[in-house]
Amino acid sequence: MKQPNQDLLNFAAEIGAEDEIVVRGGKTQWEVGGLPSSSAREVKAPAGVRSFEPEDMVVRCGAGTTLEELAQVLGESGQMVPLERLSEAQSDSKPTSAQPTIGGTLAVGHSGYRRLRYGPIRDLLLETTFVDSEGQLIRSGGPTVKNVSGYDLCRLMVGSLGTLGCLGEVVLRCHPIPKRSQWFATNANPFALLGLLWQPSSILWNGRQTWVLLEGHPEDISSQAEANGLEDCAPPHNQATQPHQQRPTSYPQKLTASWQRFSLNPAILPSLTDHFKAESFVAEVGVGVVHLPSDLRMPRELLPIDDARSLTLQRKIKSRFDPRGRLNPGRKVWDENNLAATASSAAAPASAAVN
Amino acid sequence: MGSDPKKLDLLLSDLRSILEADRVRTDYLERALYSKDASLYSGEDPTAVCFPETTQELADVVRICSEHNWPFVARGSGTGLAGGAAPLSQPSVPNADSGQKAATDTPIADTTTSYNSPVPVVITTTKMNQILSVDGPNRIAWVQPGVLNLDLTRHVSHLGLHYAPDPSSQQVCSIGGNVATNSGGPHCLAYGVTSAHVIALKVVLPDGSIATLGNESPEPTGYDLRGAFVGSEGTLGIAAEIAVRLTPNPPAIKTLLAVFDSVSDGAATVSGIIAAGLVPSALEMMDNAAIGIVEAFTQAGLPTDAAAVLLVELDGLPEGLAQDEQLIRQVAASHSVREIRTAADAQERELFWKARKSAFGAVSRLAPDYYLHDTVVPRTRLVEVLDAVYEIANRHGLKVCNVFHAGDGNLHPLLSFDSRQDGVLARVALAADEIVRASLAAGGVLSGEHGIGMEKRDYMGLMFTAADLAAQDKLRSCFDQKSLANPFKVIPSGSGCGDVSALSSGGKTTSGSGEVPALNSEDATPLSPTVAINKPVPEGAWI
């Protein structure tokens, strides 16, 4: 049996079994689910890549490792873990003080903008060691791509906002870096494109314009682009490299921290234009993630309804894993009002929804 | 508890108030049939076998069991290979030592008398076999749990879609069973295991209530109960309706067969392909013993003198495929490949795959019985663990062949034998035990796709600490307070919180020390197979 390393033992000791604690990563999604209680003691998870075997395509690292460090280590062997979210891909600069960490990204559970191709973030986590509310180290899953060895507590940790346990170390599944990544702009119907393109990495739509990310062999990308009338465009993050430059309107709006993120049934995305003006939103087509600026409100009827019996189970799980509520107090994983949005934003007046 | 025939009568009468008599079966033969799955592990004859057809009927049956405090076991097609669907009324397998199956000829009431809890009711989902809805553009289907894996793919093929997880038993195994064990299959290398293809679930919880776990949106609020449910082997409830992702059929496919004169060259080629940045849709290996068996059965033209063949499948767009094929040929050439064939057409591709998928059916030509194993090791340790498997089988005088998912390190050593020989079952059990330990020692895991069930339950302590297991048990108890759903499976008995605190109070701290004494870690012993099966094997079945 694998023994926990000293960093993990220290992390568990630091968390202990007594007071309220909050785990901080890069604080890039700090308000998701509500601000953590200010009286809670702040702790940080161990950082650093512990082991990486390119031939196994798995990497073991501390939960406090930044996405940037992980990308650098894996990149040297031509691999990656596609965790980056759209707002991060669009980020103008990357100040060293606000680097998203792997643990934070997993705990929030928002998938990267290439989910359409690589699947949700939860499928990238193979094993985790977390610290429970008693200060014990708990390991779940295993370091192999396939594993059915008991209950999958890893899945519970993704998107839990650290309310069931504090991620200390994780094993992630890697993917090869594609030979070429190319964004395209088009006026074509994004929903039709979804059926026509082979494994697109991302399709973004703002109600008027569509952007497509294709990755793979250059020849395949060119032939797909040609067959579907797609035109090359710069990636969303490159436009901002010249700060003086006005962002061309033909690019999707730049998402800032104040934008809200919603999770909708992907089948209802075509109806977004019935509720919002074109160019006022960014939708991840085929996935169902919709980004809205803070002054717009998502109509209730578009949001999925949470199942009441399932909410009862969630509460039971929380109370069994953290009976005293000491792990990341203040952060809410579900909305008692049965709303689906986890984004925190000032309540906007209902009239803001354009009809 | 359970010894009172009146309690049994009350249970049966309540069940028969929901389902007509022929869907609550209690005759001897029927019960005996449902005492085991496709593995060597036998459970006990269930109290009754129920056949619900709708979600409501399923919920009613479970609710009645719960009201009577009667345990129950969900069962799909019965193709499980870890004893997961075999009913147990106690932690140990009855009469394991004598090699005799327990209580097969006793009257129904008596089967409940000897143990502390009654023998579970088996709830079979075979009659819940409707495809409820298919949304082609959004690539989602809702199905009942008894829908057969391959039937779903056939049903949506006209839309250019398929259901990606493809266990070798896909002609006969059910999607509900796939959910229970988080099944894999050759094409999971690129497309992911069952969990990656289950979007949402409507489940019947162990108290008979109905809950929806997840929904069709990508990031449902709350904890991922959907993810926790997949692979829980029927211990958290029973899936009644399953939303699965459908996958577009690839525009082009290339299937290559590479022949090697040593297993290590084949394994090095596997690693080389991955290191070169390719993730084929499938990467399967057969060793010499398997090639011989398969070739005699399928006449696929495999060289019977080869040490190993590697089946590589690529899918995607034509130009990239051509380049990838060249790259694979280069990698294989650098590892002394003897020959590489590319399937010329769909027919030849099917023949290659028939060879792969019929291996475990064909093995019955070799000996009447077999024990099929399932462990996963890091890809880089494949050769070393395979060598250990050969050595172990040799030492116990057993025939072994290996047909496995090399791409993800998922080994399937198959021990074949004749159970009529004296003492052979004991040798099989010993060899199986050593194979598990060798895999774990190489940094592997207990099971890749068959699950824990009965077979690996008492090995959980080799992989997890007492605290790890207690955390798993916490999750279980949130779903099933009364421990009625498939009792005595997955988690070894004695993993509950009470036992962990007992350990703590014994002076051994469990707080962050990492020195938690592992339950049974030194003295784990396998549950002995109680009876060997010898039944006709459908073509292409089992793994």
# chains A, B, ... in the order shown; residues from 1 in each chain; ligands from 1
$ residues_around --residues "region 225-231 of chain B" --least-positions-apart "6" --cutoff "9 Å" --atoms "only C-alpha atoms" --output "PyMOL selection string"
(chain A and resi 122+148-156+310+313-314) or (chain B and resi 178-183+194-196+198-201+212-215+237+239+449+451+475)
$ write_last_selection --atoms "C-alpha atoms" --output "compact mmCIF listing (two decimals), in the first residue's frame"
# COMPACT_ATOMS: atom_id res chain seq x y z
CA ARG A 122 -14.41 14.88 -13.31
CA VAL A 148 -13.28 -0.19 -10.26
CA SER A 149 -12.04 -0.69 -6.72
CA GLY A 150 -14.75 0.34 -4.35
CA TYR A 151 -16.76 3.53 -4.29
CA ASP A 152 -15.62 6.40 -6.43
CA LEU A 153 -15.10 9.12 -3.82
CA CYS A 154 -13.04 11.05 -6.41
CA ARG A 155 -16.26 11.91 -8.22
CA LEU A 156 -17.76 13.28 -5.01
CA SER A 310 -31.26 13.82 -4.40
CA LEU A 313 -29.02 12.63 -0.03
CA GLN A 314 -26.56 15.48 -0.58
CA ASN B 178 -22.51 -2.05 -17.02
CA VAL B 179 -23.45 0.86 -14.74
CA ALA B 180 -23.14 -1.35 -11.66
CA THR B 181 -19.58 -2.40 -12.48
CA ASN B 182 -18.48 0.68 -14.46
CA SER B 183 -17.72 -1.65 -17.36
CA THR B 194 -19.05 3.57 -18.57
CA SER B 195 -18.90 6.43 -16.06
CA ALA B 196 -17.84 8.81 -18.84
CA VAL B 198 -23.60 8.03 -18.13
CA ILE B 199 -25.13 11.50 -18.04
CA ALA B 200 -27.84 11.01 -15.45
CA LEU B 201 -29.66 8.24 -13.62
CA THR B 212 -32.69 11.47 -10.03
CA LEU B 213 -28.92 11.75 -9.88
CA GLY B 214 -27.49 14.38 -12.21
CA ASN B 215 -29.37 15.79 -15.16
CA GLY B 237 -29.72 1.27 -5.05
CA ALA B 239 -30.73 2.10 -11.67
CA GLU B 449 -13.87 -3.41 -15.10
CA GLY B 451 -15.72 -4.90 -10.04
CA LEU B 475 -21.06 6.92 1.54
$ interface_residues --of "chain B" --to "chain A" --cutoff "6 Å" --atoms "only C-alpha atoms" --output "VMD selection string"
chain B and resid 211 to 212 216 to 219 221 to 224 227 to 228 232 271 274 to 275 277 320 379 446 to 449 451 463 468 472 511 to 512
$ write_last_selection --atoms "N, CA, C and O atoms" --output "short mmCIF file (atom, residue, chain, number, x, y, z; two decimals), in the first residue's frame"
data_model
loop_
_atom_site.label_atom_id
_atom_site.label_comp_id
_atom_site.auth_asym_id
_atom_site.auth_seq_id
_atom_site.Cartn_x
_atom_site.Cartn_y
_atom_site.Cartn_z
N ALA B 211 -34.96 8.63 -6.88
CA ALA B 211 -34.17 9.86 -6.93
C ALA B 211 -33.54 9.99 -8.31
O ALA B 211 -33.21 8.99 -8.95
N THR B 212 -33.40 11.22 -8.78
CA THR B 212 -32.69 11.47 -10.03
C THR B 212 -31.31 12.02 -9.69
O THR B 212 -31.20 13.01 -8.96
N GLU B 216 -29.38 16.45 -17.49
CA GLU B 216 -28.75 16.54 -18.81
C GLU B 216 -27.85 17.76 -18.95
O GLU B 216 -27.18 17.92 -19.97
N SER B 217 -27.83 18.62 -17.95
CA SER B 217 -26.92 19.76 -18.02
C SER B 217 -25.51 19.31 -17.62
O SER B 217 -25.36 18.31 -16.93
N PRO B 218 -24.48 20.06 -18.06
CA PRO B 218 -23.10 19.57 -17.88
C PRO B 218 -22.58 19.64 -16.45
O PRO B 218 -21.74 18.84 -16.07
N GLU B 219 -23.06 20.61 -15.67
CA GLU B 219 -22.53 20.77 -14.32
C GLU B 219 -23.66 20.92 -13.33
O GLU B 219 -23.92 22.01 -12.80
N THR B 221 -25.91 21.01 -10.04
CA THR B 221 -25.53 21.47 -8.70
C THR B 221 -25.36 20.27 -7.77
O THR B 221 -25.89 19.19 -8.02
N GLY B 222 -24.65 20.50 -6.71
CA GLY B 222 -24.51 19.46 -5.70
C GLY B 222 -23.39 18.49 -6.00
O GLY B 222 -22.66 18.63 -6.98
N TYR B 223 -23.25 17.53 -5.10
CA TYR B 223 -22.22 16.52 -5.26
C TYR B 223 -22.58 15.60 -6.43
O TYR B 223 -23.75 15.40 -6.74
N ASP B 224 -21.56 15.01 -7.02
CA ASP B 224 -21.77 14.15 -8.20
C ASP B 224 -22.23 12.76 -7.76
O ASP B 224 -21.47 11.79 -7.78
N GLY B 227 -21.87 10.07 -10.35
CA GLY B 227 -20.55 9.47 -10.42
C GLY B 227 -20.31 8.47 -9.29
O GLY B 227 -19.65 7.46 -9.48
N ALA B 228 -20.87 8.78 -8.12
CA ALA B 228 -20.69 7.86 -6.99
C ALA B 228 -21.48 6.57 -7.21
O ALA B 228 -21.08 5.50 -6.78
N SER B 232 -21.04 1.14 -8.25
CA SER B 232 -21.32 0.81 -6.85
C SER B 232 -21.91 -0.60 -6.70
O SER B 232 -22.30 -1.00 -5.61
N SER B 271 3.84 0.77 -25.28
CA SER B 271 4.37 1.96 -24.61
C SER B 271 4.88 2.97 -25.62
O SER B 271 4.69 4.17 -25.46
N ILE B 274 2.06 5.01 -27.24
CA ILE B 274 1.54 6.04 -26.34
C ILE B 274 2.56 7.17 -26.20
O ILE B 274 2.22 8.35 -26.26
N ALA B 275 3.83 6.80 -26.04
CA ALA B 275 4.87 7.82 -25.86
C ALA B 275 5.00 8.69 -27.11
O ALA B 275 5.41 9.85 -27.03
N GLY B 277 2.65 9.89 -28.66
CA GLY B 277 1.56 10.86 -28.68
C GLY B 277 0.31 10.36 -29.37
O GLY B 277 -0.57 11.13 -29.72
N GLY B 320 -5.06 11.95 -41.32
CA GLY B 320 -4.39 11.73 -40.04
C GLY B 320 -4.20 10.25 -39.79
O GLY B 320 -3.14 9.82 -39.29
N ARG B 379 0.97 0.84 -17.31
CA ARG B 379 1.36 0.31 -18.62
C ARG B 379 2.84 -0.06 -18.66
O ARG B 379 3.23 -1.05 -19.26
N LEU B 446 -7.11 -3.29 -7.95
CA LEU B 446 -7.75 -4.59 -7.81
C LEU B 446 -8.56 -5.01 -9.03
O LEU B 446 -8.61 -6.19 -9.37
N SER B 447 -9.24 -4.05 -9.64
CA SER B 447 -10.12 -4.42 -10.75
C SER B 447 -10.23 -3.27 -11.73
O SER B 447 -10.28 -2.11 -11.34
N GLY B 448 -10.24 -3.61 -13.00
CA GLY B 448 -10.37 -2.58 -14.02
C GLY B 448 -11.79 -2.40 -14.50
O GLY B 448 -12.21 -1.30 -14.82
N GLU B 449 -12.53 -3.51 -14.54
CA GLU B 449 -13.87 -3.41 -15.10
C GLU B 449 -14.84 -4.48 -14.61
O GLU B 449 -16.03 -4.39 -14.87
N GLY B 451 -15.21 -5.30 -11.34
CA GLY B 451 -15.72 -4.90 -10.04
C GLY B 451 -15.17 -5.76 -8.91
O GLY B 451 -14.38 -6.68 -9.12
N MET B 463 -5.38 -2.60 -0.60
CA MET B 463 -5.26 -1.38 -1.39
C MET B 463 -5.59 -0.14 -0.57
O MET B 463 -5.11 0.94 -0.86
N ASP B 468 -9.65 4.69 4.87
CA ASP B 468 -10.15 4.81 3.49
C ASP B 468 -11.47 4.04 3.36
O ASP B 468 -12.44 4.51 2.76
N GLN B 472 -15.48 5.08 2.57
CA GLN B 472 -16.35 4.47 1.55
C GLN B 472 -17.64 3.97 2.19
O GLN B 472 -18.73 4.11 1.63
N SER B 511 -5.46 9.55 13.06
CA SER B 511 -5.47 10.94 12.64
C SER B 511 -4.22 11.35 11.87
O SER B 511 -3.21 11.69 12.45
N GLY B 512 -4.33 11.26 10.56
CA GLY B 512 -3.29 11.82 9.72
C GLY B 512 -1.93 11.13 9.86
O GLY B 512 -0.95 11.60 9.33
#
$ select_by_dssp --residues "region 154-304 of chain B" --states "strand (DSSP E)" --output "NGL selection string"
:B and (161-162 or 198-204 or 210-213 or 238-245 or 247-248 or 252-260 or 282-287)
$ write_last_selection --atoms "C-alpha atoms" --output "PDB file, in the first residue's frame"
ATOM      1  CA  LEU B 161     -24.144   6.931 -33.565  1.00  0.00           C
ATOM      2  CA  HIS B 162     -23.149   4.152 -31.198  1.00  0.00           C
ATOM      3  CA  VAL B 198     -23.603   8.026 -18.127  1.00  0.00           C
ATOM      4  CA  ILE B 199     -25.133  11.505 -18.045  1.00  0.00           C
ATOM      5  CA  ALA B 200     -27.838  11.013 -15.453  1.00  0.00           C
ATOM      6  CA  LEU B 201     -29.663   8.244 -13.622  1.00  0.00           C
ATOM      7  CA  LYS B 202     -33.096   7.752 -12.186  1.00  0.00           C
ATOM      8  CA  VAL B 203     -32.510   5.281  -9.381  1.00  0.00           C
ATOM      9  CA  VAL B 204     -34.548   3.417  -6.810  1.00  0.00           C
ATOM     10  CA  ILE B 210     -36.951   7.318  -6.428  1.00  0.00           C
ATOM     11  CA  ALA B 211     -34.166   9.862  -6.933  1.00  0.00           C
ATOM     12  CA  THR B 212     -32.691  11.468 -10.030  1.00  0.00           C
ATOM     13  CA  LEU B 213     -28.918  11.753  -9.877  1.00  0.00           C
ATOM     14  CA  ILE B 238     -30.898   0.078  -8.445  1.00  0.00           C
ATOM     15  CA  ALA B 239     -30.735   2.099 -11.666  1.00  0.00           C
ATOM     16  CA  ALA B 240     -34.227   2.302 -13.160  1.00  0.00           C
ATOM     17  CA  GLU B 241     -33.635   4.700 -16.061  1.00  0.00           C
ATOM     18  CA  ILE B 242     -30.247   5.611 -17.458  1.00  0.00           C
ATOM     19  CA  ALA B 243     -29.322   8.589 -19.659  1.00  0.00           C
ATOM     20  CA  VAL B 244     -26.321   7.614 -21.749  1.00  0.00           C
ATOM     21  CA  ARG B 245     -24.190   9.589 -24.141  1.00  0.00           C
ATOM     22  CA  THR B 247     -20.947   8.691 -29.680  1.00  0.00           C
ATOM     23  CA  PRO B 248     -20.667   9.598 -33.380  1.00  0.00           C
ATOM     24  CA  ALA B 252     -12.752   6.179 -41.005  1.00  0.00           C
ATOM     25  CA  ILE B 253     -11.216   3.215 -39.172  1.00  0.00           C
ATOM     26  CA  LYS B 254      -7.935   1.372 -39.566  1.00  0.00           C
ATOM     27  CA  THR B 255      -7.331  -1.947 -37.861  1.00  0.00           C
ATOM     28  CA  LEU B 256      -3.813  -3.326 -37.661  1.00  0.00           C
ATOM     29  CA  LEU B 257      -2.567  -6.677 -36.498  1.00  0.00           C
ATOM     30  CA  ALA B 258       1.079  -6.737 -35.419  1.00  0.00           C
ATOM     31  CA  VAL B 259       2.886 -10.035 -34.810  1.00  0.00           C
ATOM     32  CA  PHE B 260       5.764 -10.324 -32.339  1.00  0.00           C
ATOM     33  CA  ALA B 282      -8.134   0.208 -29.031  1.00  0.00           C
ATOM     34  CA  LEU B 283      -4.839  -1.520 -28.237  1.00  0.00           C
ATOM     35  CA  GLU B 284      -5.344  -5.199 -27.438  1.00  0.00           C
ATOM     36  CA  MET B 285      -2.892  -8.024 -26.918  1.00  0.00           C
ATOM     37  CA  MET B 286      -3.038 -11.818 -27.076  1.00  0.00           C
ATOM     38  CA  ASP B 287      -0.233 -14.117 -25.987  1.00  0.00           C
TER      39      ASP B 287
END
$ select_by_dssp --residues "region 175-386 of chain B" --states "alpha helix (DSSP H)" --output "NGL selection string"
:B and (175-181 or 188-191 or 225-229 or 263-275 or 288-298 or 318-333 or 346-357 or 359-362 or 382-386)
$ closest_residue --among "A:Leu167, A:Ala225, A:Val32, A:Cys174" --to "Leu74 (chain A)" --atoms "only C-alpha atoms"
A:Cys174
$ atom_distance --atom1 "CA of Ala227 (chain A)" --atom2 "CA of Arg208 (chain A)"
20.9 Å
$ residues_around --residues "Gln330 (chain B)" --least-positions-apart "6" --cutoff "10 Å" --atoms "only C-alpha atoms" --output "list in words"
Thr269, Gly272, Ile273, Asp324 and Val337 of chain B
$ write_last_selection --atoms "N, CA and C atoms" --output "mmCIF file, in the first residue's frame"
data_model
loop_
_atom_site.group_PDB
_atom_site.id
_atom_site.type_symbol
_atom_site.label_atom_id
_atom_site.label_comp_id
_atom_site.auth_asym_id
_atom_site.auth_seq_id
_atom_site.Cartn_x
_atom_site.Cartn_y
_atom_site.Cartn_z
ATOM 1 N N THR B 269 6.077 -1.985 -27.737
ATOM 2 C CA THR B 269 5.393 -1.285 -28.828
ATOM 3 C C THR B 269 4.194 -0.506 -28.294
ATOM 4 N N GLY B 272 5.537 2.468 -26.666
ATOM 5 C CA GLY B 272 6.093 3.349 -27.688
ATOM 6 C C GLY B 272 5.013 4.127 -28.418
ATOM 7 N N ILE B 273 3.898 3.469 -28.688
ATOM 8 C CA ILE B 273 2.787 4.139 -29.388
ATOM 9 C C ILE B 273 2.253 5.287 -28.529
ATOM 10 N N ASP B 324 -0.840 8.254 -38.842
ATOM 11 C CA ASP B 324 -0.743 7.491 -37.596
ATOM 12 C C ASP B 324 -0.358 6.036 -37.872
ATOM 13 N N VAL B 337 9.095 -6.079 -34.804
ATOM 14 C CA VAL B 337 7.835 -6.705 -35.191
ATOM 15 C C VAL B 337 8.102 -7.667 -36.346
#
